[in-house]
>>> print(open('entry.txt').read())   # compact mmCIF, C-alpha atoms and all ligand atoms
# COMPACT_ATOMS: atom_id res chain seq x y z
CA MET X 1 9.66 -10.28 -21.19
CA ASN X 2 11.11 -6.92 -20.17
CA PHE X 3 9.62 -5.19 -17.12
CA ALA X 4 10.02 -1.75 -15.58
CA VAL X 5 8.98 -1.14 -11.97
CA ILE X 6 8.43 2.47 -10.94
CA GLY X 7 9.18 3.48 -7.36
CA SER X 8 11.87 3.18 -4.70
CA GLY X 9 10.33 1.61 -1.60
CA GLY X 10 10.09 -1.78 0.06
CA ARG X 11 6.99 -2.46 -2.00
CA GLU X 12 8.88 -1.99 -5.26
CA HIS X 13 11.80 -4.14 -4.06
CA ALA X 14 9.32 -6.91 -3.17
CA ILE X 15 7.67 -6.65 -6.62
CA CYS X 16 11.10 -6.80 -8.29
CA TYR X 17 12.02 -9.81 -6.13
CA LYS X 18 8.93 -11.72 -7.20
CA LEU X 19 9.25 -10.77 -10.88
CA SER X 20 12.90 -11.77 -10.86
CA GLN X 21 11.96 -15.35 -9.84
CA SER X 22 10.17 -15.88 -13.14
CA ALA X 23 11.81 -17.83 -15.95
CA LYS X 24 9.84 -15.57 -18.30
CA LEU X 25 11.61 -12.43 -17.14
CA ASN X 26 14.30 -11.24 -19.48
CA LYS X 27 15.15 -7.70 -18.35
CA LEU X 28 14.13 -5.81 -15.22
CA ILE X 29 14.66 -2.11 -14.61
CA CYS X 30 13.61 -0.08 -11.60
CA ILE X 31 13.06 3.69 -11.77
CA PRO X 32 14.68 4.93 -9.55
CA GLY X 33 14.94 1.90 -7.19
CA ASN X 34 17.10 1.53 -4.09
CA ALA X 35 20.17 -0.44 -2.95
CA GLY X 36 18.04 -3.61 -2.75
CA THR X 37 16.55 -3.43 -6.24
CA LYS X 38 20.04 -2.71 -7.58
CA LYS X 39 20.99 -6.33 -6.87
CA ILE X 40 18.21 -7.78 -9.04
CA ALA X 41 17.34 -4.99 -11.47
CA GLU X 42 19.03 -2.17 -13.32
CA ASN X 43 18.29 1.00 -11.35
CA ILE X 44 17.79 4.07 -13.48
CA ILE X 45 17.77 7.33 -11.59
CA ALA X 46 15.01 9.62 -12.83
CA ASN X 47 12.23 11.79 -11.47
CA ILE X 48 9.11 9.63 -11.74
CA SER X 49 6.91 12.74 -11.98
CA ASP X 50 8.61 13.50 -15.30
CA PHE X 51 6.51 11.22 -17.51
CA GLU X 52 8.38 12.21 -20.71
CA MET X 53 11.62 11.06 -19.11
CA VAL X 54 10.04 7.81 -17.89
CA TYR X 55 8.73 7.19 -21.43
CA LYS X 56 12.17 7.87 -22.92
CA ILE X 57 13.78 5.30 -20.59
CA ILE X 58 11.09 2.72 -21.35
CA LYS X 59 11.61 3.09 -25.10
CA GLU X 60 15.38 3.01 -24.81
CA LYS X 61 15.28 -0.14 -22.68
CA ASN X 62 12.71 -1.87 -24.86
CA ILE X 63 10.30 -2.48 -21.99
CA ASP X 64 7.17 -4.58 -22.54
CA ILE X 65 5.26 -3.84 -19.33
CA VAL X 66 5.44 -1.05 -16.76
CA VAL X 67 4.36 -1.70 -13.16
CA VAL X 68 3.64 1.48 -11.21
CA GLY X 69 4.26 1.10 -7.46
CA PRO X 70 3.22 4.36 -5.77
CA GLU X 71 -0.08 6.26 -5.97
CA GLU X 72 1.18 9.69 -6.95
CA PRO X 73 2.13 9.01 -10.58
CA LEU X 74 -1.09 7.02 -11.01
CA VAL X 75 -3.23 9.86 -9.64
CA ASN X 76 -1.34 12.24 -11.95
CA GLY X 77 -2.13 10.09 -14.98
CA ILE X 78 1.03 8.13 -15.81
CA THR X 79 -1.08 5.22 -17.09
CA ASP X 80 -3.00 7.43 -19.57
CA PHE X 81 0.25 9.11 -20.63
CA LEU X 82 2.09 5.86 -21.38
CA LYS X 83 -0.90 4.01 -22.86
CA LYS X 84 -1.41 6.85 -25.36
CA ARG X 85 2.12 6.09 -26.47
CA SER X 86 1.29 2.37 -26.87
CA ILE X 87 3.07 1.18 -23.72
CA ARG X 88 1.49 -1.61 -21.66
CA VAL X 89 0.97 -0.38 -18.10
CA PHE X 90 -0.27 -2.24 -15.05
CA GLY X 91 -2.22 0.28 -12.96
CA PRO X 92 -5.47 2.26 -13.13
CA ASP X 93 -6.03 5.32 -15.33
CA LYS X 94 -6.22 8.83 -13.96
CA PHE X 95 -10.01 8.82 -13.62
CA ALA X 96 -10.16 5.51 -11.76
CA SER X 97 -7.22 6.59 -9.58
CA GLN X 98 -9.57 9.08 -7.95
CA LEU X 99 -10.66 6.16 -5.78
CA GLU X 100 -7.53 7.01 -3.79
CA GLY X 101 -6.77 10.49 -5.12
CA SER X 102 -10.05 12.00 -3.94
CA LYS X 103 -11.79 10.85 -0.79
CA ALA X 104 -14.88 12.81 -1.88
CA PHE X 105 -14.94 10.81 -5.16
CA MET X 106 -14.61 7.54 -3.26
CA LYS X 107 -17.35 8.44 -0.77
CA ASN X 108 -19.72 9.43 -3.59
CA ILE X 109 -19.08 6.09 -5.31
CA CYS X 110 -20.08 4.44 -2.02
CA LYS X 111 -23.19 6.58 -1.63
CA ASN X 112 -24.38 6.07 -5.20
CA ASN X 113 -23.86 2.31 -5.09
CA ASN X 114 -24.93 1.46 -1.54
CA ILE X 115 -21.42 0.43 -0.51
CA PRO X 116 -21.17 0.32 3.30
CA THR X 117 -18.96 3.11 4.64
CA ALA X 118 -18.92 5.60 7.52
CA SER X 119 -21.62 8.30 7.18
CA PHE X 120 -20.07 11.51 5.94
CA GLY X 121 -20.32 15.03 4.58
CA ILE X 122 -18.17 16.78 1.95
CA PHE X 123 -17.53 20.50 2.28
CA ASP X 124 -15.62 23.31 0.62
CA LYS X 125 -16.97 26.08 2.87
CA PHE X 126 -16.14 26.31 6.54
CA ASN X 127 -19.62 27.49 7.65
CA ASP X 128 -21.30 24.44 6.13
CA ALA X 129 -18.69 22.13 7.66
CA GLU X 130 -19.14 23.81 11.04
CA ASN X 131 -22.92 23.23 10.94
CA PHE X 132 -22.28 19.57 10.17
CA ILE X 133 -19.76 19.28 13.03
CA ASN X 134 -22.20 20.95 15.46
CA LYS X 135 -24.73 18.24 14.69
CA SER X 136 -22.17 15.40 14.98
CA LYS X 137 -20.99 13.28 17.88
CA SER X 138 -17.30 13.06 18.81
CA PRO X 139 -14.94 11.50 17.90
CA ILE X 140 -15.22 12.76 14.35
CA VAL X 141 -12.79 11.94 11.53
CA VAL X 142 -11.52 14.86 9.45
CA LYS X 143 -9.98 14.03 6.08
CA ALA X 144 -8.33 16.14 3.42
CA ASP X 145 -9.86 15.28 0.06
CA GLY X 146 -6.64 14.73 -1.92
CA LEU X 147 -3.35 12.89 -1.44
CA ALA X 148 -1.55 14.02 1.69
CA ALA X 149 1.32 11.53 2.13
CA GLY X 150 -0.49 9.75 4.98
CA LYS X 151 -1.01 13.01 6.92
CA GLY X 152 -4.48 13.90 5.69
CA VAL X 153 -6.59 12.03 8.28
CA VAL X 154 -7.12 13.22 11.85
CA ILE X 155 -9.36 11.47 14.37
CA CYS X 156 -10.63 14.38 16.47
CA LYS X 157 -11.66 13.69 20.04
CA SER X 158 -13.69 16.89 20.32
CA LEU X 159 -15.88 18.92 17.99
CA GLU X 160 -13.66 21.93 18.69
CA GLU X 161 -10.59 20.05 17.46
CA ALA X 162 -12.53 18.94 14.36
CA LYS X 163 -13.32 22.59 13.57
CA ILE X 164 -9.65 23.59 13.87
CA GLU X 165 -8.50 20.74 11.60
CA THR X 166 -11.26 21.48 9.09
CA LYS X 167 -10.33 25.14 8.95
CA GLU X 168 -6.66 24.29 8.33
CA ILE X 169 -7.55 22.00 5.44
CA LEU X 170 -9.96 24.51 3.89
CA ASN X 171 -7.29 27.20 4.26
CA GLY X 172 -4.96 25.17 2.06
CA LYS X 173 -2.88 23.00 4.44
CA PHE X 174 -2.54 20.45 1.62
CA LYS X 175 -2.05 21.67 -1.94
CA SER X 176 -4.06 18.68 -3.17
CA SER X 177 -7.18 19.48 -1.16
CA SER X 178 -9.72 22.27 -1.45
CA LYS X 179 -12.38 20.05 0.13
CA VAL X 180 -12.75 18.28 3.43
CA VAL X 181 -14.55 15.01 4.17
CA LEU X 182 -16.04 14.72 7.66
CA GLU X 183 -16.80 11.21 8.79
CA GLU X 184 -18.40 9.22 11.53
CA PHE X 185 -15.78 7.34 13.60
CA LEU X 186 -16.07 3.58 13.14
CA LYS X 187 -14.90 1.31 15.92
CA GLY X 188 -13.93 -2.19 14.91
CA GLU X 189 -11.06 -4.29 13.60
CA GLU X 190 -9.12 -3.19 10.54
CA LEU X 191 -8.44 -5.49 7.61
CA SER X 192 -6.59 -4.89 4.36
CA TYR X 193 -8.07 -6.82 1.45
CA PHE X 194 -6.36 -6.92 -1.94
CA VAL X 195 -7.55 -7.80 -5.42
CA VAL X 196 -5.91 -7.84 -8.82
CA VAL X 197 -8.23 -6.53 -11.51
CA ASP X 198 -8.55 -6.36 -15.27
CA LYS X 199 -11.45 -5.26 -17.46
CA ASN X 200 -13.11 -8.68 -17.37
CA SER X 201 -12.46 -10.20 -13.96
CA TYR X 202 -10.74 -9.92 -10.63
CA HIS X 203 -9.02 -12.24 -8.18
CA PHE X 204 -8.34 -12.18 -4.46
CA PHE X 205 -4.74 -11.04 -3.99
CA GLY X 206 -4.17 -11.56 -0.29
CA SER X 207 -5.18 -10.17 3.08
CA ALA X 208 -3.04 -8.40 5.65
CA GLN X 209 -3.01 -6.11 8.63
CA ASP X 210 -0.52 -3.35 9.04
CA HIS X 211 0.60 -1.34 12.06
CA LYS X 212 0.54 2.37 11.34
CA LYS X 213 1.49 3.74 14.76
CA VAL X 214 5.14 4.22 15.57
CA GLY X 215 5.05 2.70 19.07
CA GLU X 216 4.48 -0.75 20.52
CA GLY X 217 0.87 -1.46 21.48
CA ASP X 218 -0.14 0.72 18.49
CA LYS X 219 0.64 3.98 20.30
CA GLY X 220 2.07 7.32 19.19
CA PRO X 221 2.01 9.16 15.88
CA ASN X 222 1.08 7.60 12.54
CA THR X 223 3.73 6.40 10.11
CA GLY X 224 3.73 4.92 6.63
CA GLY X 225 3.57 1.50 8.34
CA MET X 226 5.85 -0.12 10.92
CA GLY X 227 5.17 -3.69 9.90
CA ALA X 228 2.53 -6.02 8.51
CA TYR X 229 1.49 -9.63 8.56
CA SER X 230 -0.49 -11.97 6.36
CA PRO X 231 -2.92 -13.64 6.37
CA ALA X 232 -5.21 -11.37 8.40
CA ILE X 233 -6.75 -13.49 11.14
CA ASN X 234 -10.21 -11.95 10.97
CA LEU X 235 -10.92 -12.90 7.34
CA THR X 236 -13.45 -15.75 7.35
CA ASP X 237 -15.12 -17.20 4.23
CA SER X 238 -18.45 -15.57 5.03
CA LEU X 239 -16.79 -12.18 5.64
CA GLU X 240 -14.90 -12.50 2.37
CA GLU X 241 -18.14 -13.16 0.52
CA LYS X 242 -19.59 -9.95 1.98
CA ILE X 243 -16.47 -7.95 1.07
CA LYS X 244 -16.74 -9.14 -2.53
CA LYS X 245 -20.48 -8.69 -2.94
CA LYS X 246 -20.99 -5.50 -0.93
CA ILE X 247 -17.77 -3.61 -1.63
CA ILE X 248 -15.45 -4.88 -4.40
CA GLU X 249 -17.99 -5.89 -7.06
CA PRO X 250 -20.23 -2.80 -6.79
CA THR X 251 -17.11 -0.60 -7.01
CA LEU X 252 -15.76 -2.36 -10.11
CA LEU X 253 -19.20 -2.20 -11.75
CA ALA X 254 -19.52 1.50 -10.91
CA MET X 255 -16.14 2.25 -12.52
CA LYS X 256 -17.18 0.33 -15.63
CA LYS X 257 -20.44 2.27 -15.86
CA LEU X 258 -18.47 5.50 -15.58
CA GLY X 259 -16.49 4.42 -18.63
CA HIS X 260 -13.24 3.76 -16.73
CA PRO X 261 -13.03 0.07 -15.84
CA TYR X 262 -10.56 -0.43 -13.02
CA THR X 263 -7.31 -2.28 -13.76
CA GLY X 264 -4.35 -2.99 -11.50
CA PHE X 265 -4.01 -3.81 -7.83
CA LEU X 266 -6.85 -2.53 -5.66
CA TYR X 267 -6.39 -2.34 -1.90
CA ALA X 268 -9.50 -1.98 0.24
CA GLY X 269 -8.89 -0.65 3.75
CA LEU X 270 -11.82 -2.04 5.74
CA MET X 271 -13.26 -1.77 9.22
CA ILE X 272 -15.02 -4.92 10.41
CA ILE X 273 -17.85 -4.27 12.85
CA LYS X 274 -19.96 -7.18 14.11
CA LYS X 275 -18.80 -9.33 11.17
CA GLU X 276 -19.85 -6.66 8.64
CA PRO X 277 -17.30 -4.89 6.40
CA TYR X 278 -17.22 -1.08 5.97
CA LEU X 279 -14.99 0.63 3.46
CA ILE X 280 -12.59 3.09 5.10
CA GLU X 281 -10.44 3.83 2.08
CA TYR X 282 -9.30 2.57 -1.27
CA ASN X 283 -5.68 2.52 -2.36
CA ILE X 284 -5.09 2.10 -6.08
CA ARG X 285 -1.86 0.12 -5.61
CA MET X 286 -0.24 -2.45 -3.38
CA GLY X 287 0.25 -1.57 0.27
CA ASP X 288 3.67 -0.82 1.67
CA PRO X 289 4.68 -2.83 3.78
CA GLU X 290 1.78 -5.25 3.03
CA CYS X 291 3.20 -6.01 -0.41
CA GLN X 292 6.38 -7.37 1.17
CA VAL X 293 4.50 -10.13 3.01
CA LEU X 294 2.19 -10.89 0.08
CA MET X 295 5.07 -11.35 -2.35
CA MET X 296 6.66 -13.88 0.05
CA LYS X 297 3.42 -15.86 0.13
CA LEU X 298 2.60 -15.71 -3.57
CA LYS X 299 3.19 -19.01 -5.36
CA THR X 300 2.03 -18.00 -8.83
CA ASP X 301 4.43 -16.43 -11.32
CA LEU X 302 3.96 -12.65 -10.97
CA VAL X 303 5.09 -12.11 -14.56
CA ASP X 304 2.12 -14.22 -15.66
CA VAL X 305 -0.33 -12.42 -13.39
CA ILE X 306 0.68 -8.99 -14.67
CA ASP X 307 1.08 -10.08 -18.29
CA LEU X 308 -2.42 -11.60 -18.30
CA ALA X 309 -3.92 -8.64 -16.42
CA THR X 310 -2.61 -6.19 -19.02
CA LYS X 311 -4.18 -8.38 -21.74
CA ASN X 312 -7.50 -8.51 -19.81
CA ASP X 313 -7.08 -12.24 -19.60
CA LEU X 314 -6.92 -12.72 -15.82
CA ASN X 315 -9.76 -15.23 -16.01
CA ASN X 316 -7.17 -17.73 -17.13
CA VAL X 317 -4.91 -17.57 -14.12
CA LYS X 318 -5.23 -19.44 -10.84
CA ILE X 319 -3.51 -17.53 -8.08
CA LYS X 320 -1.90 -19.71 -5.43
CA TRP X 321 -0.56 -18.84 -1.99
CA ASP X 322 1.50 -20.78 0.50
CA ASN X 323 -0.03 -21.60 3.91
CA ASN X 324 2.66 -19.91 5.97
CA GLY X 325 2.33 -16.95 8.26
CA CYS X 326 4.46 -14.06 7.09
CA ILE X 327 5.62 -10.96 8.94
CA THR X 328 7.61 -7.95 7.94
CA ILE X 329 9.16 -5.67 10.55
CA VAL X 330 10.18 -2.23 9.38
CA LEU X 331 13.55 -0.96 10.53
CA CYS X 332 13.33 2.84 10.76
CA ALA X 333 15.95 5.53 11.10
CA ASN X 334 16.14 7.14 14.56
CA GLY X 335 13.80 10.12 14.75
CA TYR X 336 11.16 8.76 12.33
CA PRO X 337 8.35 9.79 11.77
CA GLY X 338 9.78 13.20 12.74
CA ASN X 339 13.16 14.42 11.48
CA TYR X 340 15.30 11.35 11.15
CA VAL X 341 19.00 10.58 10.74
CA LYS X 342 20.30 9.98 7.19
CA ASP X 343 23.38 8.68 5.42
CA LYS X 344 24.16 6.14 8.14
CA GLU X 345 26.01 3.05 7.04
CA ILE X 346 24.31 -0.33 7.54
CA LYS X 347 27.15 -2.76 8.06
CA ASN X 348 25.93 -6.22 8.96
CA LEU X 349 23.61 -7.05 6.09
CA ASN X 350 25.71 -10.04 5.11
CA ASN X 351 25.14 -11.61 8.55
CA ILE X 352 21.59 -12.46 7.50
CA VAL X 353 20.87 -15.43 5.29
CA VAL X 354 18.31 -14.60 2.62
CA ASP X 355 16.28 -17.41 1.10
CA GLU X 356 12.69 -18.39 0.32
CA TYR X 357 11.69 -17.75 3.97
CA ASN X 358 13.89 -14.79 4.87
CA GLN X 359 14.18 -11.62 2.87
CA ILE X 360 15.36 -8.10 3.49
CA PHE X 361 13.45 -5.69 1.33
CA HIS X 362 15.12 -2.32 1.11
CA ALA X 363 13.18 0.94 1.36
CA GLY X 364 15.19 4.12 2.00
CA THR X 365 18.70 2.91 1.17
CA TYR X 366 21.42 3.66 -1.36
CA GLU X 367 24.74 2.14 -2.26
CA LYS X 368 28.04 4.01 -2.45
CA ASN X 369 31.50 2.48 -2.86
CA ASN X 370 30.04 -0.99 -2.21
CA LYS X 371 28.59 0.12 1.12
CA ILE X 372 24.90 0.48 1.99
CA PHE X 373 23.61 3.71 3.59
CA SER X 374 20.23 4.82 4.92
CA LEU X 375 18.31 7.54 3.14
CA GLY X 376 14.63 7.41 4.13
CA GLY X 377 12.71 7.14 7.40
CA ARG X 378 11.71 3.56 6.68
CA VAL X 379 14.97 1.84 5.82
CA LEU X 380 14.61 -1.96 5.64
CA ASN X 381 11.81 -4.52 5.83
CA ILE X 382 12.93 -7.66 7.64
CA THR X 383 10.49 -10.19 6.21
CA CYS X 384 10.09 -13.80 7.33
CA SER X 385 7.74 -16.64 6.56
CA ASN X 386 7.20 -19.67 8.80
CA GLN X 387 4.58 -22.24 9.90
CA ASN X 388 2.84 -19.62 12.01
CA LEU X 389 3.03 -15.90 12.68
CA GLU X 390 4.76 -16.24 16.03
CA LYS X 391 7.58 -18.27 14.53
CA ALA X 392 7.82 -15.83 11.64
CA ARG X 393 8.07 -12.89 14.04
CA ASN X 394 10.75 -14.58 16.15
CA GLN X 395 12.74 -15.23 13.02
CA SER X 396 12.48 -11.55 11.94
CA LEU X 397 13.57 -10.43 15.41
CA THR X 398 16.56 -12.79 15.33
CA ASN X 399 17.56 -11.35 11.97
CA LEU X 400 17.18 -7.81 13.30
CA LYS X 401 19.50 -8.61 16.20
CA LYS X 402 22.11 -9.90 13.77
CA LEU X 403 21.85 -6.65 11.87
CA ASN X 404 22.37 -4.67 15.08
CA TRP X 405 21.96 -1.25 13.44
CA ASN X 406 22.38 1.38 16.13
CA ASP X 407 21.03 4.25 14.05
CA GLY X 408 17.57 2.73 13.85
CA PHE X 409 14.67 1.21 15.77
CA TYR X 410 11.77 -1.18 15.19
CA ARG X 411 8.64 -2.53 16.86
CA LYS X 412 8.97 -5.95 18.49
CA ASP X 413 5.21 -6.53 18.65
CA ILE X 414 4.18 -6.64 14.98
CA GLY X 415 1.25 -9.04 14.64
CA TRP X 416 0.39 -8.93 18.36
CA ARG X 417 -3.37 -9.22 17.88
CA ALA X 418 -3.04 -12.31 15.72
CA ILE X 419 -0.31 -13.92 17.82
CA LYS X 420 -2.36 -13.43 21.00
CA LYS X 421 -5.16 -15.41 19.36
CA LEU X 422 -2.97 -18.32 18.20
P1 LIG S 1 -7.14 6.59 5.60
O1 LIG S 1 -6.02 7.45 5.09
O2 LIG S 1 -8.51 6.96 5.14
O3 LIG S 1 -6.84 5.15 5.50
O4 LIG S 1 -7.12 6.74 7.17
C1 LIG S 1 -5.99 6.39 7.93
C2 LIG S 1 -6.40 5.60 9.13
O5 LIG S 1 -7.33 6.36 9.92
C3 LIG S 1 -7.14 4.30 8.82
O6 LIG S 1 -6.28 3.24 8.57
C4 LIG S 1 -7.94 4.11 10.08
O7 LIG S 1 -7.14 3.52 11.08
C5 LIG S 1 -8.28 5.49 10.50
N1 LIG S 1 -9.62 5.90 10.03
C6 LIG S 1 -9.93 6.51 8.86
N2 LIG S 1 -11.26 6.72 8.76
C7 LIG S 1 -11.80 6.23 9.89
C8 LIG S 1 -13.15 6.14 10.38
N3 LIG S 1 -14.18 6.63 9.70
N4 LIG S 1 -13.33 5.55 11.59
C9 LIG S 1 -12.29 5.07 12.30
N5 LIG S 1 -11.01 5.14 11.90
C10 LIG S 1 -10.76 5.71 10.71
N1 LIG S 2 0.48 0.43 4.61
C1 LIG S 2 -0.49 1.37 4.22
C2 LIG S 2 -0.44 1.79 2.82
O1 LIG S 2 0.29 1.29 2.00
O2 LIG S 2 -1.19 2.70 2.48
>>> encode(input="entry.txt", output="structure tokens", more="lines below")
Ligand code: AMP
Ligand code: GLY
Amino acid sequence: MNFAVIGSGGREHAICYKLSQSAKLNKLICIPGNAGTKKIAENIIANISDFEMVYKIIKEKNIDIVVVGPEEPLVNGITDFLKKRSIRVFGPDKFASQLEGSKAFMKNICKNNNIPTASFGIFDKFNDAENFINKSKSPIVVKADGLAAGKGVVICKSLEEAKIETKEILNGKFKSSSKVVLEEFLKGEELSYFVVVDKNSYHFFGSAQDHKKVGEGDKGPNTGGMGAYSPAINLTDSLEEKIKKKIIEPTLLAMKKLGHPYTGFLYAGLMIIKKEPYLIEYNIRMGDPECQVLMMKLKTDLVDVIDLATKNDLNNVKIKWDNNGCITIVLCANGYPGNYVKDKEIKNLNNIVVDEYNQIFHAGTYEKNNKIFSLGGRVLNITCSNQNLEKARNQSLTNLKKLNWNDGFYRKDIGWRAIKKL
């Protein structure tokens, strides 16, 4: 089978890695890809917002199935666009993508289907939002309705701060958002829960926790994710049952009733409070860097999973995972998440053995004259699997030392909550 993966991050490299292990894979292209995907796929440079161009490439390369990595093309309707042209796509349609693309849409799905979530209000006028804030307790969470590249959520310590943030959003801080969602602050433990979904069924697709803050001890500004580990330690059988019955199944049923059954990966960002799950957010795709650890743990052929999902035949697959602990540590360019250095050569990649238990998934990298250079803020994902999370982390840190890249930095404490409890 011929696959195309759309995107250029660590997530897409990890998906390409797993697809490329399948005996059923014939051709793999990545649009646009990075220096890591280039080793296992044909990278084709194109603007992934230009759906006509993506379609042209897919026809030319005789692709059977397209896997869409990032949320933006999904929210903008790439699935509808390609499906209309008879291309098989793994990912939700534009309507269902509102689960991530509009926080107001997601919150209304929760409200209308009794899905546990933080209490909230949705506003497009400042005066109404201000009245709501005046009646709220701090901290209060202010969210831009639409996609905001991870910058749309602010946890405000005071009501005054919440008013300022709200005003900025309603004045057009994010092009995607004319509305604001104001939310009760939930205090608990976060958990990322993944499922793979087709029109007829769904399967558990791994659990993870990521570390969004730039600094050790989870301090400092938010990032796209500084590292992740799997499995999440707080996922018990009884909690999982609640997540399925109270959150995942009512959501999938609601989307069906709305005439847009969900298909693709669905990522539920949850807050666990006193053993009860609350939905914080939905992502309509794999997590990045969570995908990197899940692909290392997945034992089932990913080509099969995606092939069967796009035929609505997922019922017939048994998804298997290894029992290892897996950690990915993100190597960032100095300055990230602010202005960061670019075009810095990464020299020692060949010092690190890559095998079933050790992988380096590339994110912001490119290749020039057989040398690898940094491009993005998140550069590499040093991913290791071992008997337990502590051993996996030590192995990642050893690999990072061998890399010895002076233009970047990383957190040494990824997985600290889980490792403390070992
Ligand atoms: P989101 O983009 O909705 O995932 O929000 C980003 C991060 O903000 C989440 O991963 C949480 O850590 C935090 N967050 C969002 N909403 C809430 C909430 N209602 N209570 C507490 N923390 C929240
Ligand atoms: N790691 C968080 C995300 O992918 O949204």
>>> closest_residue(input="entry.txt", among="X:Asp343, X:Leu331, X:Pro116, X:Tyr262", to="Pro277 (chain X)", atoms="all atoms listed in the file")
X:Pro116
>>> residues_near_ligand(input="entry.txt", ligand="ligand LIG 2 (chain S)", cutoff="10 Å", atoms="all atoms listed in the file", output="count of residues only")
32
>>> residues_near_ligand(input="entry.txt", ligand="ligand LIG 1 (chain S)", cutoff="8 Å", atoms="only C-alpha atoms and all ligand atoms", output="list in words")
Lys103, Thr117, Ala118, Ile140, Val141, Lys143, Gly150, Lys151, Gly152, Val153, Val154, Ile155, Glu183, Glu184, Phe185, Leu186, Lys187, Gly188, Glu190, Lys212, Gly269, Met271, Ile280, Glu281 and Tyr282 of chain X
>>> residues_around(input="entry.txt", residues="Val75 (chain X)", least_positions_apart="2", cutoff="12 Å", atoms="all atoms listed in the file", output="MDAnalysis selection string")
chainID X and resid 49 68:73 77:81 91:102 146:147 176 283:285
>>> atom_distance(input="entry.txt", atom1="CA of Ser20 (chain X)", atom2="CA of Ala41 (chain X)")
8.1 Å
>>> closest_residue(input="entry.txt", among="X:Cys156, X:Thr300, X:Arg417, X:Leu375", to="Glu189 (chain X)", atoms="only C-alpha atoms")
X:Arg417
>>> atom_distance(input="entry.txt", atom1="CA of Asp198 (chain X)", atom2="CA of Asn312 (chain X)")
5.1 Å
>>> closest_residue(input="entry.txt", among="X:Gly335, X:Pro221, X:Pro231, X:Gly121", to="Val293 (chain X)", atoms="all atoms listed in the file")
X:Pro231
>>> closest_residue(input="entry.txt", among="X:Val214, X:Leu397, X:Ile306, X:Ile273", to="Asp64 (chain X)", atoms="all atoms listed in the file")
X:Ile306
>>> atom_distance(input="entry.txt", atom1="CA of Leu314 (chain X)", atom2="CA of Lys199 (chain X)")
8.9 Å
>>> closest_residue(input="entry.txt", among="X:Lys179, X:His203, X:Lys275, X:Lys401", to="Leu235 (chain X)", atoms="all atoms listed in the file")
X:Lys275
>>> closest_residue(input="entry.txt", among="X:Asn2, X:Asn350, X:Thr166, X:Asn108", to="Asp307 (chain X)", atoms="all atoms listed in the file")
X:Asn2
>>> residues_around(input="entry.txt", residues="Asn406 (chain X)", least_positions_apart="2", cutoff="10 Å", atoms="all atoms listed in the file", output="PyMOL selection string")
chain X and resi 333-334+344-346+403-404+408-409
>>> residues_around(input="entry.txt", residues="Glu160 (chain X)", least_positions_apart="2", cutoff="10 Å", atoms="all atoms listed in the file", output="mmCIF file with C-alpha atoms, keeping the file's coordinate frame")
data_model
loop_
_atom_site.group_PDB
_atom_site.id
_atom_site.type_symbol
_atom_site.label_atom_id
_atom_site.label_comp_id
_atom_site.auth_asym_id
_atom_site.auth_seq_id
_atom_site.Cartn_x
_atom_site.Cartn_y
_atom_site.Cartn_z
ATOM 1 C CA GLU X 130 -19.140 23.810 11.040
ATOM 2 C CA ILE X 133 -19.760 19.280 13.030
ATOM 3 C CA ASN X 134 -22.200 20.950 15.460
ATOM 4 C CA SER X 138 -17.300 13.060 18.810
ATOM 5 C CA CYS X 156 -10.630 14.380 16.470
ATOM 6 C CA LYS X 157 -11.660 13.690 20.040
ATOM 7 C CA SER X 158 -13.690 16.890 20.320
ATOM 8 C CA ALA X 162 -12.530 18.940 14.360
ATOM 9 C CA LYS X 163 -13.320 22.590 13.570
ATOM 10 C CA ILE X 164 -9.650 23.590 13.870
ATOM 11 C CA GLU X 165 -8.500 20.740 11.600
ATOM 12 C CA THR X 166 -11.260 21.480 9.090
#
>>> axis_aligned_box(input="entry.txt", around="region 93-100 of chain X", padding_each_side="3 Å", output="JSON")
{"center_x": -8.3, "center_y": 7.2, "center_z": -9.6, "size_x": 10.6, "size_y": 9.8, "size_z": 17.5}
>>> residues_around(input="entry.txt", residues="Phe373 (chain X)", least_positions_apart="6", cutoff="12 Å", atoms="only C-alpha atoms", output="list of chain:residue names")
X:Asn34, X:Ala35, X:Gly36, X:Ala333, X:Val341, X:Lys342, X:Asp343, X:Lys344, X:Glu345, X:Ile346, X:Lys347, X:Asn348, X:Leu349, X:His362, X:Ala363, X:Gly364, X:Thr365, X:Tyr366, X:Glu367, X:Val379, X:Leu380, X:Trp405, X:Asp407, X:Gly408
>>> write_last_selection(input="entry.txt", atoms="C-alpha atoms", output="compact mmCIF listing (two decimals), in the frame of the given file")
# COMPACT_ATOMS: atom_id res chain seq x y z
CA ASN X 34 17.10 1.53 -4.09
CA ALA X 35 20.17 -0.44 -2.95
CA GLY X 36 18.04 -3.61 -2.75
CA ALA X 333 15.95 5.53 11.10
CA VAL X 341 19.00 10.58 10.74
CA LYS X 342 20.30 9.98 7.19
CA ASP X 343 23.38 8.68 5.42
CA LYS X 344 24.16 6.14 8.14
CA GLU X 345 26.01 3.05 7.04
CA ILE X 346 24.31 -0.33 7.54
CA LYS X 347 27.15 -2.76 8.06
CA ASN X 348 25.93 -6.22 8.96
CA LEU X 349 23.61 -7.05 6.09
CA HIS X 362 15.12 -2.32 1.11
CA ALA X 363 13.18 0.94 1.36
CA GLY X 364 15.19 4.12 2.00
CA THR X 365 18.70 2.91 1.17
CA TYR X 366 21.42 3.66 -1.36
CA GLU X 367 24.74 2.14 -2.26
CA VAL X 379 14.97 1.84 5.82
CA LEU X 380 14.61 -1.96 5.64
CA TRP X 405 21.96 -1.25 13.44
CA ASP X 407 21.03 4.25 14.05
CA GLY X 408 17.57 2.73 13.85
